[in-house]
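Okay, input24.txt now, which holds compact mmCIF, C-alpha atoms:
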```txt
# COMPACT_ATOMS: atom_id res chain seq x y z
CA MET A 1 75.05 93.38 124.00
CA ALA A 2 76.57 96.86 124.05
CA GLY A 3 78.55 97.97 121.03
CA ALA A 4 82.34 98.32 121.02
CA LEU A 5 83.86 101.39 122.66
CA ARG A 6 84.05 104.28 120.17
CA PHE A 7 86.42 107.22 119.76
CA GLU A 8 85.67 110.23 121.97
CA GLN A 9 86.48 112.51 119.01
CA HIS A 10 86.80 111.52 115.37
CA PRO A 11 90.42 110.87 114.29
CA SER A 12 89.97 113.24 111.33
CA GLU A 13 90.15 116.03 113.93
CA THR A 14 92.32 114.45 116.63
CA LEU A 15 95.09 113.32 114.28
CA ARG A 16 94.94 116.11 111.69
CA VAL A 17 98.12 118.09 111.03
CA GLY A 18 97.21 121.73 111.50
CA ASP A 19 98.95 125.03 112.06
CA GLY A 20 101.76 124.77 114.58
CA PHE A 21 101.96 120.98 114.38
CA THR A 22 105.25 119.53 115.62
CA LEU A 23 106.01 115.87 114.99
CA SER A 24 108.38 115.68 117.95
CA ASP A 25 105.44 116.46 120.25
CA ILE A 26 103.61 113.27 119.22
CA ASP A 27 104.03 110.26 121.49
CA PRO A 28 104.15 107.11 119.32
CA ASP A 29 102.78 105.11 122.28
CA ALA A 30 99.69 107.29 122.65
CA THR A 31 96.13 106.50 121.56
CA PRO A 32 94.67 109.99 120.96
CA GLY A 33 90.90 110.16 121.32
CA TYR A 34 90.57 106.54 122.37
CA THR A 35 90.46 105.32 125.98
CA GLY A 36 89.81 101.65 125.31
CA THR A 37 92.09 98.66 125.66
CA LYS A 38 93.62 96.53 122.91
CA GLU A 39 90.65 94.17 123.19
CA ASP A 40 88.26 97.12 122.85
CA GLY A 41 90.11 98.27 119.76
CA LYS A 42 89.99 94.87 118.12
CA ALA A 43 86.26 94.68 118.84
CA LEU A 44 85.73 98.10 117.26
CA LEU A 45 87.70 97.10 114.16
CA GLY A 46 85.47 94.07 113.66
CA GLU A 47 82.26 95.93 114.46
CA MET A 48 82.93 98.65 111.88
CA ASP A 49 83.93 96.29 109.06
CA ASP A 50 80.37 96.10 107.77
CA GLU A 51 79.95 99.88 107.69
CA LEU A 52 83.21 100.29 105.78
CA ALA A 53 82.23 97.55 103.31
CA ASP A 54 78.77 99.08 102.82
CA LEU A 55 80.18 102.53 102.05
CA GLN A 56 82.72 101.06 99.65
CA GLU A 57 80.00 99.18 97.80
CA ARG A 58 77.98 102.40 97.46
CA LEU A 59 81.03 104.13 96.01
CA PHE A 60 81.53 101.32 93.51
CA ALA A 61 77.82 101.17 92.61
CA GLU A 62 77.59 104.93 92.01
CA SER A 63 80.45 104.76 89.53
CA ARG A 64 78.53 102.26 87.40
CA PHE A 65 75.86 104.90 86.89
CA GLY A 66 78.02 107.92 86.11
CA GLY A 67 79.48 108.69 89.54
CA ARG A 68 82.91 110.33 89.52
CA LYS A 69 83.91 109.90 93.17
CA ARG A 70 86.88 107.90 94.42
CA ILE A 71 89.19 107.60 97.45
CA LEU A 72 92.98 107.64 97.61
CA LEU A 73 94.60 106.49 100.86
CA ILE A 74 98.29 107.40 101.04
CA LEU A 75 100.31 105.44 103.62
CA GLN A 76 103.75 106.74 104.58
CA ALA A 77 105.94 105.52 107.42
CA MET A 78 109.35 104.39 108.52
CA ASP A 79 110.03 100.70 107.90
CA THR A 80 108.16 98.20 110.14
CA ALA A 81 105.52 100.81 111.08
CA GLY A 82 102.64 98.56 110.00
CA LYS A 83 101.54 99.60 106.52
CA GLY A 84 101.09 95.97 105.53
CA GLY A 85 98.93 95.33 108.57
CA ILE A 86 96.71 98.27 107.65
CA VAL A 87 96.20 96.83 104.18
CA LYS A 88 95.47 93.36 105.56
CA HIS A 89 93.23 94.20 108.50
CA VAL A 90 91.47 97.36 107.29
CA MET A 91 91.33 97.08 103.52
CA GLY A 92 90.64 93.34 103.87
CA ALA A 93 87.07 94.18 104.87
CA MET A 94 86.41 95.60 101.41
CA ASP A 95 85.41 93.90 98.17
CA PRO A 96 88.70 93.39 96.28
CA GLN A 97 87.10 94.40 92.97
CA GLY A 98 86.69 97.91 94.38
CA VAL A 99 90.23 98.30 95.73
CA GLN A 100 93.18 99.49 93.67
CA PHE A 101 96.46 98.84 95.52
CA LYS A 102 99.95 99.98 94.55
CA ALA A 103 103.17 99.53 96.50
CA PHE A 104 105.83 101.89 95.16
CA LYS A 105 109.39 100.61 95.16
CA ALA A 106 112.59 102.32 94.06
CA PRO A 107 111.99 103.84 90.60
CA THR A 108 113.20 101.95 87.55
CA THR A 109 115.64 103.39 85.03
CA GLU A 110 112.71 104.26 82.75
CA GLU A 111 110.79 105.95 85.59
CA LYS A 112 113.84 108.00 86.52
CA SER A 113 113.93 109.39 82.99
CA TYR A 114 110.62 111.21 83.63
CA ASP A 115 109.48 113.70 86.24
CA PHE A 116 108.91 112.08 89.64
CA LEU A 117 105.12 112.25 89.34
CA TRP A 118 105.00 110.37 86.02
CA ARG A 119 104.82 106.91 87.58
CA ILE A 120 102.43 108.12 90.30
CA GLU A 121 99.84 109.63 87.95
CA LYS A 122 99.51 106.30 86.13
CA GLU A 123 98.34 104.61 89.34
CA VAL A 124 95.67 107.00 90.61
CA PRO A 125 92.40 105.18 91.37
CA ALA A 126 89.68 104.91 88.76
CA VAL A 127 86.19 106.21 89.50
CA GLY A 128 84.39 104.16 92.13
CA MET A 129 87.63 102.74 93.51
CA VAL A 130 89.37 102.95 96.85
CA GLY A 131 93.00 103.43 95.90
CA VAL A 132 95.83 102.63 98.32
CA PHE A 133 99.40 103.83 97.91
CA ASP A 134 101.92 101.94 100.05
CA ARG A 135 104.53 104.70 99.92
CA SER A 136 103.96 107.32 97.27
CA HIS A 137 105.18 110.51 95.63
CA TYR A 138 106.28 111.63 99.11
CA GLU A 139 109.27 109.31 98.92
CA ASP A 140 110.65 111.75 96.37
CA VAL A 141 110.81 114.55 98.93
CA LEU A 142 111.63 112.43 101.99
CA ILE A 143 114.50 110.17 101.00
CA HIS A 144 115.81 112.70 98.48
CA ARG A 145 116.03 115.34 101.18
CA VAL A 146 117.62 112.98 103.71
CA HIS A 147 120.32 111.70 101.32
CA ARG A 148 120.65 114.99 99.45
CA TRP A 149 119.85 113.35 96.14
CA ALA A 150 118.06 116.54 95.11
CA SER A 151 118.88 120.18 95.74
CA PRO A 152 116.82 122.27 98.19
CA GLU A 153 115.41 124.14 95.20
CA GLU A 154 114.28 120.90 93.55
CA ILE A 155 112.72 119.67 96.78
CA LYS A 156 110.79 122.94 97.02
CA ARG A 157 109.62 122.53 93.42
CA ARG A 158 108.37 119.06 94.25
CA TYR A 159 106.33 120.30 97.21
CA VAL A 160 104.58 122.72 94.85
CA ALA A 161 104.09 120.00 92.22
CA ILE A 162 102.60 117.65 94.84
CA ASN A 163 100.10 120.25 96.01
CA GLU A 164 99.06 120.95 92.42
CA PHE A 165 98.79 117.22 91.67
CA GLU A 166 96.63 116.54 94.70
CA GLY A 167 94.55 119.60 93.90
CA ARG A 168 93.79 118.16 90.46
CA LEU A 169 92.80 114.85 92.04
CA ILE A 170 90.39 116.60 94.39
CA GLU A 171 88.85 118.63 91.56
CA SER A 172 88.22 115.39 89.64
CA GLY A 173 86.23 113.89 92.53
CA THR A 174 88.96 112.17 94.55
CA LYS A 175 88.98 112.29 98.35
CA VAL A 176 92.63 112.20 99.42
CA VAL A 177 93.45 110.68 102.82
CA LYS A 178 97.11 111.09 103.81
CA VAL A 179 98.43 109.06 106.74
CA MET A 180 101.81 108.88 108.41
CA LEU A 181 102.18 105.94 110.80
CA HIS A 182 104.48 107.24 113.53
CA ILE A 183 106.59 104.75 115.46
CA SER A 184 109.55 105.33 117.75
CA GLY A 185 113.10 104.25 117.01
CA GLY A 186 112.95 101.87 119.95
CA GLU A 187 109.79 100.22 118.65
CA GLN A 188 111.32 99.81 115.21
CA LYS A 189 114.34 98.09 116.79
CA GLU A 190 112.06 95.63 118.59
CA ARG A 191 110.16 94.87 115.40
CA LEU A 192 113.35 94.31 113.42
CA LEU A 193 114.62 91.92 116.11
CA ALA A 194 111.26 90.12 116.11
CA ARG A 195 111.66 89.49 112.40
CA LEU A 196 115.03 87.86 113.01
CA ASP A 197 113.63 85.78 115.86
CA ASN A 198 110.89 84.28 113.68
CA PRO A 199 111.99 82.25 110.61
CA ALA A 200 108.55 82.87 109.08
CA LYS A 201 109.38 86.59 109.07
CA HIS A 202 112.92 86.41 107.69
CA TRP A 203 111.63 87.23 104.23
CA LYS A 204 110.55 90.63 105.57
CA TYR A 205 114.00 91.53 106.87
CA ASN A 206 116.07 93.91 104.78
CA ARG A 207 119.51 95.15 105.78
CA GLY A 208 118.61 98.42 104.09
CA ASP A 209 116.06 99.08 106.85
CA LEU A 210 118.92 98.97 109.36
CA ASP A 211 121.02 101.31 107.24
CA GLU A 212 118.24 103.90 107.18
CA ARG A 213 117.96 103.86 110.99
CA ALA A 214 121.17 105.87 111.09
CA PHE A 215 119.25 108.74 109.50
CA TRP A 216 116.27 108.63 111.90
CA ASP A 217 116.44 112.27 112.99
CA ASP A 218 116.92 113.39 109.39
CA TYR A 219 113.79 111.48 108.38
CA MET A 220 111.78 113.05 111.19
CA ASN A 221 112.90 116.48 109.99
CA ALA A 222 112.00 115.54 106.42
CA TYR A 223 108.51 114.46 107.50
CA GLN A 224 108.05 117.70 109.42
CA ALA A 225 109.02 119.69 106.34
CA ALA A 226 106.62 117.67 104.17
CA PHE A 227 103.79 118.31 106.62
CA ASP A 228 104.57 122.02 106.71
CA GLU A 229 104.54 122.28 102.93
CA THR A 230 101.81 119.84 101.87
CA SER A 231 99.20 119.55 104.63
CA THR A 232 96.47 121.57 102.96
CA ARG A 233 92.84 122.32 103.77
CA ASP A 234 91.50 119.78 101.27
CA ALA A 235 94.31 117.22 101.58
CA PRO A 236 95.54 117.38 105.19
CA TRP A 237 98.00 114.96 106.73
CA HIS A 238 97.03 112.75 109.65
CA VAL A 239 99.77 111.49 111.96
CA ILE A 240 98.82 108.27 113.75
CA PRO A 241 100.86 107.06 116.72
CA ALA A 242 101.64 103.51 115.65
CA ASN A 243 103.60 101.77 118.39
CA LYS A 244 100.29 100.05 119.16
CA LYS A 245 99.32 98.36 115.91
CA TRP A 246 95.71 97.84 117.00
CA TYR A 247 95.26 101.58 117.53
CA ALA A 248 96.74 102.47 114.14
CA ARG A 249 94.35 100.07 112.43
CA ILE A 250 91.18 101.42 114.02
CA ALA A 251 92.34 104.99 113.42
CA VAL A 252 92.86 104.39 109.69
CA GLN A 253 89.54 102.53 109.52
CA GLN A 254 87.78 105.52 111.08
CA LEU A 255 89.49 107.95 108.70
CA LEU A 256 88.33 105.89 105.70
CA ILE A 257 84.77 105.58 106.99
CA GLY A 258 84.68 109.33 107.59
CA ALA A 259 86.08 110.09 104.14
CA LEU A 260 83.53 107.83 102.45
CA ALA A 261 80.70 109.30 104.51
CA ASP A 262 81.78 112.79 103.45
CA LEU A 263 81.14 111.80 99.82
CA LYS A 264 77.38 111.58 100.55
CA LEU A 265 77.07 108.32 98.64
CA GLU A 266 73.66 107.10 97.46
CA TRP A 267 72.53 103.78 96.08
CA PRO A 268 71.77 104.22 92.35
CA LYS A 269 68.07 104.45 91.54
CA ALA A 270 66.69 101.57 89.49
CA ASP A 271 66.08 102.49 85.84
CA PHE A 272 63.50 99.72 85.50
CA ASP A 273 60.12 98.89 87.04
CA VAL A 274 60.79 96.58 90.00
CA PRO A 275 57.31 94.92 90.14
CA THR A 276 57.51 94.14 86.41
CA GLU A 277 60.94 92.57 86.78
CA ARG A 278 59.75 90.51 89.77
CA GLU A 279 56.84 89.20 87.72
CA LEU A 280 59.16 88.25 84.87
CA ILE A 281 61.40 86.34 87.26
CA LEU A 282 58.45 84.52 88.84
CA ARG A 283 57.23 83.46 85.39
CA SER A 284 60.63 82.23 84.28
```
What is this structure when it is put down as structure tokens?
Amino acid sequence: MAGALRFEQHPSETLRVGDGFTLSDIDPDATPGYTGTKEDGKALLGEMDDELADLQERLFAESRFGGRKRILLILQAMDTAGKGGIVKHVMGAMDPQGVQFKAFKAPTTEEKSYDFLWRIEKEVPAVGMVGVFDRSHYEDVLIHRVHRWASPEEIKRRYVAINEFEGRLIESGTKVVKVMLHISGGEQKERLLARLDNPAKHWKYNRGDLDERAFWDDYMNAYQAAFDETSTRDAPWHVIPANKKWYARIAVQQLLIGALADLKLEWPKADFDVPTERELILRS
């Protein structure tokens, strides 16, 4: 049987935010680099699960023998864009003991008493781990810019602090993968209505999501500014059209597989004589 249809070009190139990038040019309904159907995409997601799990296990195993490498996946998006689905369908293929997940909510009173990165730095992944941030330090330049909770000068300072912070992570052996799931306002409306139509999804509905829709254009401008200031050579942003959930999932999966492959992971060499150990087991 032939394998599932692959991407024509790797998403790390197709979806990368580079010079001259304009968010308004991105069609949230598009599937850049992929010509397959929804069924093709689901097949690819399942087919690549084993490769993702294998690479994650290598990362974890290396760390038990002195390896310093790790991955940090940063997921940013407007509400209902599918971050939870990414965690469930993509990260679910991994061994939970090697995944470090953190969903950032509104900061507490204690967290507000420190610099905005204080609570973030405490959650960076340990060596050998695949860390996932559901929202992140970028909330402190997005929502603060939109609602003018911080001055333009403070927002600028935070861009610089973010770049320095991510630079330190990279120097310590962390591969940073930054993803914005890009949906349209119309798609968000449909997803919000779907939550109201399904009693099993009522728990997901939040009136605050509706309130933020009034600032849609401001958020798009805030994302554009964040991309302009913080999409760097070693920690670039990737914008994934996300109206089609199946496409967003395979795109993130491919980005993670590519990031792990870039780490050149090796299985640790045995520090014991294998034939001797086999003989001891056979005698036991």
**Q.** Shell of 6 Å around range 19-30 of chain A, only C-alpha atoms, local chain residues under 2 positions omitted, as a VMD selection string
**A.** chain A and resid 17 32 182 to 184 241 to 243
Q: Counting only C-alpha atoms, select every polymer residue within 12 Å of (119.4, 116.2, 108.6) as defined in the file's coordinates, and provide the selection as a ChimeraX atom specification.
A: /A:142-148,214-225
Q. Residues around (93.6, 114.3, 116.2), cut-off 12 Å, counting only C-alpha atoms - what are they as a ChimeraX atom specification?
A. /A:7-18,21,26,30-34,179,236-241,251-252,254-255
Using all atoms listed in the file, what does the table of range 202-272 of chain A residues within 8 Å of range 40-54 of chain A look like, with each row giving the shortest atom pair and its distance in Å to one decimal, sorted by chain and ascending number, as a tab-separated table?
```
residue	atom	partner	partner_atom	distance
A:Trp246	CA	A:Gly41	CA	6.3
A:Tyr247	CA	A:Gly41	CA	6.5
A:Arg249	CA	A:Leu45	CA	7.5
A:Ile250	CA	A:Leu45	CA	5.5
A:Gln253	CA	A:Leu45	CA	7.4
A:Leu256	CA	A:Leu52	CA	7.6
A:Ile257	CA	A:Leu52	CA	5.6
```
Set out as a Markdown table a contact list for range 142-182 of chain A and range 70-91 of chain A with a cut-off of 12 Å, giving each residue of range 142-182 of chain A that qualifies its closest atom pair and distance in Å to one decimal, counting all atoms listed in the file, ordered by chain and rising residue number.
```
| residue | atom | partner | partner_atom | distance |
| --- | --- | --- | --- | --- |
| A:Leu142 | CA | A:Gln76 | CA | 10.1 |
| A:Ile143 | CA | A:Met78 | CA | 10.8 |
| A:Glu166 | CA | A:Leu72 | CA | 10.0 |
| A:Leu169 | CA | A:Leu72 | CA | 9.1 |
| A:Ile170 | CA | A:Arg70 | CA | 9.4 |
| A:Glu171 | CA | A:Arg70 | CA | 11.3 |
| A:Ser172 | CA | A:Arg70 | CA | 9.0 |
| A:Gly173 | CA | A:Arg70 | CA | 6.3 |
| A:Thr174 | CA | A:Arg70 | CA | 4.8 |
| A:Lys175 | CA | A:Ile71 | CA | 4.8 |
| A:Val176 | CA | A:Leu72 | CA | 4.9 |
| A:Val177 | CA | A:Leu73 | CA | 4.8 |
| A:Lys178 | CA | A:Ile74 | CA | 4.8 |
| A:Val179 | CA | A:Leu75 | CA | 5.1 |
| A:Met180 | CA | A:Gln76 | CA | 4.8 |
| A:Leu181 | CA | A:Ala77 | CA | 5.1 |
| A:His182 | CA | A:Ala77 | CA | 6.5 |
```
Save range 42-56 of chain A of the structure in the block above to a file, with N, CA, C and O atoms included, as a JSON list (two decimals), in the first residue's frame.
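Final output, part06.json:
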```
[["chain", "number", "residue", "atom", "x", "y", "z"],
["A", 42, "LYS", "N", -5.50, 13.31, 7.37],
["A", 42, "LYS", "CA", -5.67, 12.45, 8.54],
["A", 42, "LYS", "C", -4.78, 11.22, 8.44],
["A", 42, "LYS", "O", -4.20, 10.75, 9.43],
["A", 43, "ALA", "N", -4.66, 10.67, 7.21],
["A", 43, "ALA", "CA", -3.80, 9.51, 7.01],
["A", 43, "ALA", "C", -2.34, 9.86, 7.29],
["A", 43, "ALA", "O", -1.61, 9.07, 7.89],
["A", 44, "LEU", "N", -1.92, 11.04, 6.84],
["A", 44, "LEU", "CA", -0.54, 11.46, 7.07],
["A", 44, "LEU", "C", -0.27, 11.65, 8.56],
["A", 44, "LEU", "O", 0.78, 11.24, 9.06],
["A", 45, "LEU", "N", -1.22, 12.23, 9.27],
["A", 45, "LEU", "CA", -1.06, 12.44, 10.71],
["A", 45, "LEU", "C", -0.81, 11.11, 11.41],
["A", 45, "LEU", "O", 0.11, 10.98, 12.23],
["A", 46, "GLY", "N", -1.62, 10.11, 11.07],
["A", 46, "GLY", "CA", -1.46, 8.80, 11.69],
["A", 46, "GLY", "C", -0.17, 8.11, 11.27],
["A", 46, "GLY", "O", 0.49, 7.46, 12.09],
["A", 47, "GLU", "N", 0.19, 8.26, 9.99],
["A", 47, "GLU", "CA", 1.39, 7.59, 9.49],
["A", 47, "GLU", "C", 2.66, 8.13, 10.14],
["A", 47, "GLU", "O", 3.62, 7.38, 10.35],
["A", 48, "MET", "N", 2.67, 9.42, 10.46],
["A", 48, "MET", "CA", 3.88, 10.04, 11.00],
["A", 48, "MET", "C", 3.97, 9.99, 12.52],
["A", 48, "MET", "O", 4.97, 10.43, 13.10],
["A", 49, "ASP", "N", 2.94, 9.46, 13.17],
["A", 49, "ASP", "CA", 2.95, 9.37, 14.63],
["A", 49, "ASP", "C", 4.17, 8.60, 15.15],
["A", 49, "ASP", "O", 4.81, 9.00, 16.13],
["A", 50, "ASP", "N", 4.47, 7.48, 14.49],
["A", 50, "ASP", "CA", 5.57, 6.65, 14.96],
["A", 50, "ASP", "C", 6.91, 7.37, 14.83],
["A", 50, "ASP", "O", 7.77, 7.25, 15.72],
["A", 51, "GLU", "N", 7.09, 8.12, 13.75],
["A", 51, "GLU", "CA", 8.35, 8.86, 13.57],
["A", 51, "GLU", "C", 8.50, 9.93, 14.64],
["A", 51, "GLU", "O", 9.58, 10.12, 15.21],
["A", 52, "LEU", "N", 7.41, 10.64, 14.93],
["A", 52, "LEU", "CA", 7.44, 11.67, 15.97],
["A", 52, "LEU", "C", 7.76, 11.04, 17.32],
["A", 52, "LEU", "O", 8.60, 11.55, 18.08],
["A", 53, "ALA", "N", 7.11, 9.92, 17.64],
["A", 53, "ALA", "CA", 7.33, 9.25, 18.92],
["A", 53, "ALA", "C", 8.76, 8.74, 19.04],
["A", 53, "ALA", "O", 9.38, 8.81, 20.11],
["A", 54, "ASP", "N", 9.30, 8.22, 17.93],
["A", 54, "ASP", "CA", 10.67, 7.71, 17.93],
["A", 54, "ASP", "C", 11.68, 8.82, 18.21],
["A", 54, "ASP", "O", 12.59, 8.67, 19.03],
["A", 55, "LEU", "N", 11.50, 9.96, 17.55],
["A", 55, "LEU", "CA", 12.41, 11.09, 17.75],
["A", 55, "LEU", "C", 12.31, 11.63, 19.17],
["A", 55, "LEU", "O", 13.32, 11.99, 19.79],
["A", 56, "GLN", "N", 11.08, 11.68, 19.70],
["A", 56, "GLN", "CA", 10.92, 12.15, 21.07],
["A", 56, "GLN", "C", 11.62, 11.22, 22.06],
["A", 56, "GLN", "O", 12.25, 11.67, 23.02]]
```
